[in-house]
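Enquirer: Take this structure, written in structure tokens, and hold onto it; I'll ask about it next.
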Amino acid sequence: MALIKDIYSVSFYEKFGQAVAEVHPAFNKQKFIETIYEGDFAQKEWKERMKHTTVVFHQFMPQNFTEAVALIDKIIENLKKNNFAESNLAFIFFADYVEMYGLDDFKTSAKAFISITQFISCEFAVRPFILKYKEKMIDEMIQWSLHENLHVRRLASEGSRPRLPWAMAIPFLKKDPSSILPILENLKNDSSEYVRRSVANNLNDIAKDNPQIVLEIASRWKDHSKETDAIIKHGSRTLLKQGHPEILSHYGLESNNIELSSFAIKTPIVKIGDYLQFHFHLNNKNEEAKTVRLEYAVHYKKAKGHLAKKVFKISEKIYPPNQLIKVDRNQSFKIITTRVFHTGIHQLSIIINGTESDVLEFELID
């Protein structure tokens, strides 16, 4: 399988360099490629290669920032003519260019983001501008949320997320996200699912620090439209996993008379690389059908010996009354890059509409 860093290849730089030379006659394509590969390029990882490309590209661009971003617009148009696909990840260095060299030129950079994000997303690059300019940048992004282009509208929401993954956090928005709520209001009925999903992700970020704000929005947006209901559901996923009483009530998720039985672990000793296997029975003992959000929690042993709970969703569906249903489940302990497994006693529990069962123990071994 190809590595992500390998999107920066000789072939890429040849094609890109040719596209630049066609609109920038002073551009020395061969020297550009030679400079790219000077030093330890082969040892650089993806982000290092991207940053390196930005720096080298800057050396061959007009040193006046306004002239440079005007040229980037021309380059992008030529790339489109040469059938370079939009959202090609390799071109994220265009956004990085604005972040690195335009932070002191708010007006030119804001205009550049509108243009560039229609070719490659700028949600990472815009964040230093939020930190530096705060409300001035947020006001600009509110205007973006009304833009005719869906990529610009999405940038307003995605770029302003308080906790955007793999990006710098925005502490003042984590503390008080009220300034970005107009963005979400403008986009809650957006015609693009791509944009609406970003709104949901933004709400989920807010819920981690300010759950009451999201609960109030959920109440206010309820039944506005099926699309808005979907935004709220996805934006409330952290609150649902936490079993927050108000969001459970919002969705009518009650655990009364939902009986868990025969909960057992089939593999009380699990080797790293294998699967934990377990089963249980569920019976809705109410007289009417009930919606059941069914989850399980693995309480992983951590390096310092404490346990940390991770919730996994099984399903959310309607259960008929008085019907015993068996559920079998496997949980992988195959080695992955995003989690380190530690041998020892772990725990497992079942969660029914936010109510957690007693835990069972299993042992993880090498």
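Labeling convention for the structure tokens: chains A, B, ... as they appear, residues from 1 per chain, ligands from 1 in order of appearance.
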May I have the residues within 8 Å of segment 49-62 of chain A as a ChimeraX atom specification, using only C-alpha atoms and disregarding those fewer than 2 positions away in the same chain?

Expert: /A:5,8,27-28,32,35-36,41,44-47,64-65,67-68,90,92-94,96-97

Enquirer: With segment 194-209 of chain A as the partner and 6 Å as the cut-off, tabulate the residues of segment 233-265 of chain A that qualify, each row holding the nearest pair of atoms and their distance in Å to one decimal, using only C-alpha atoms, sorted by chain and rising number, as a Markdown table.

Expert:
| residue | atom | partner | partner_atom | distance |
| --- | --- | --- | --- | --- |
| A:His234 | CA | A:Ala200 | CA | 5.7 |
| A:Gly235 | CA | A:Ala200 | CA | 4.2 |
| A:Ser236 | CA | A:Asn204 | CA | 5.8 |

Enquirer: Pick from A:Lys15, A:Lys174, A:His250, A:Lys136: nearest to Asn82 of chain A, with only C-alpha atoms counted?

Expert: A:Lys15

Enquirer: Output as JSON lines one row per residue of segment 128-181 of chain A within 10 Å of segment 106-115 of chain A: the closest atom pair and its distance in Å to one decimal place, counting only C-alpha atoms, sorted by chain and residue number ascending.

Expert:
{"residue": "A:Phe129", "atom": "CA", "partner": "A:Phe106", "partner_atom": "CA", "distance": 7.9}
{"residue": "A:Lys132", "atom": "CA", "partner": "A:Phe106", "partner_atom": "CA", "distance": 9.8}
{"residue": "A:Tyr133", "atom": "CA", "partner": "A:Phe106", "partner_atom": "CA", "distance": 8.3}
{"residue": "A:Lys136", "atom": "CA", "partner": "A:Phe106", "partner_atom": "CA", "distance": 9.3}
{"residue": "A:Met137", "atom": "CA", "partner": "A:Ala110", "partner_atom": "CA", "distance": 8.3}
{"residue": "A:Glu140", "atom": "CA", "partner": "A:Ala110", "partner_atom": "CA", "distance": 7.7}
{"residue": "A:Met141", "atom": "CA", "partner": "A:Ala110", "partner_atom": "CA", "distance": 9.0}
{"residue": "A:Trp144", "atom": "CA", "partner": "A:Ile114", "partner_atom": "CA", "distance": 7.8}
{"residue": "A:His147", "atom": "CA", "partner": "A:Ile114", "partner_atom": "CA", "distance": 9.2}
{"residue": "A:Asn149", "atom": "CA", "partner": "A:Ile114", "partner_atom": "CA", "distance": 9.1}
{"residue": "A:His151", "atom": "CA", "partner": "A:Ile114", "partner_atom": "CA", "distance": 8.6}
{"residue": "A:Val152", "atom": "CA", "partner": "A:Ile114", "partner_atom": "CA", "distance": 6.0}
{"residue": "A:Arg153", "atom": "CA", "partner": "A:Ile114", "partner_atom": "CA", "distance": 9.4}
{"residue": "A:Leu155", "atom": "CA", "partner": "A:Ile114", "partner_atom": "CA", "distance": 8.7}
{"residue": "A:Ala156", "atom": "CA", "partner": "A:Ile114", "partner_atom": "CA", "distance": 10.0}

Enquirer: At what distance in Å, to one decimal, does atom CA of Leu215 of chain A lie from atom CA of Ile352 of chain A?

Expert: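 Rounded to one decimal, the two atoms are 20.6 Å apart.
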
Enquirer: Name the closest residue to Glu295 of chain A among the candidates A:Tyr275, A:Leu248, A:Ala308, A:Leu240; distances are taken between atoms, counting only C-alpha atoms.

Expert: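 Between A:Tyr275, A:Leu248, A:Ala308, A:Leu240, the residue approaching Glu295 of chain A most closely is A:Leu240.
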
Enquirer: Please return as an MDAnalysis selection string: the residues of segment 128-280 of chain A that backbone DSSP assigns to helix (DSSP H, G or I).

Expert: chainID A and resid 128:133 135:144 150:158 171:175 177:187 193:209 211:221 226:235 237:241 245:250

Enquirer: If we count only C-alpha atoms and set the cut-off at 7 Å, which residues sit around Phe263 of chain A, ignoring sequence neighbours fewer than 6 positions away in its own chain? Please answer as a list in words.

Expert: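 My list of contacting residues is His279, Phe280 and His281 of chain A.
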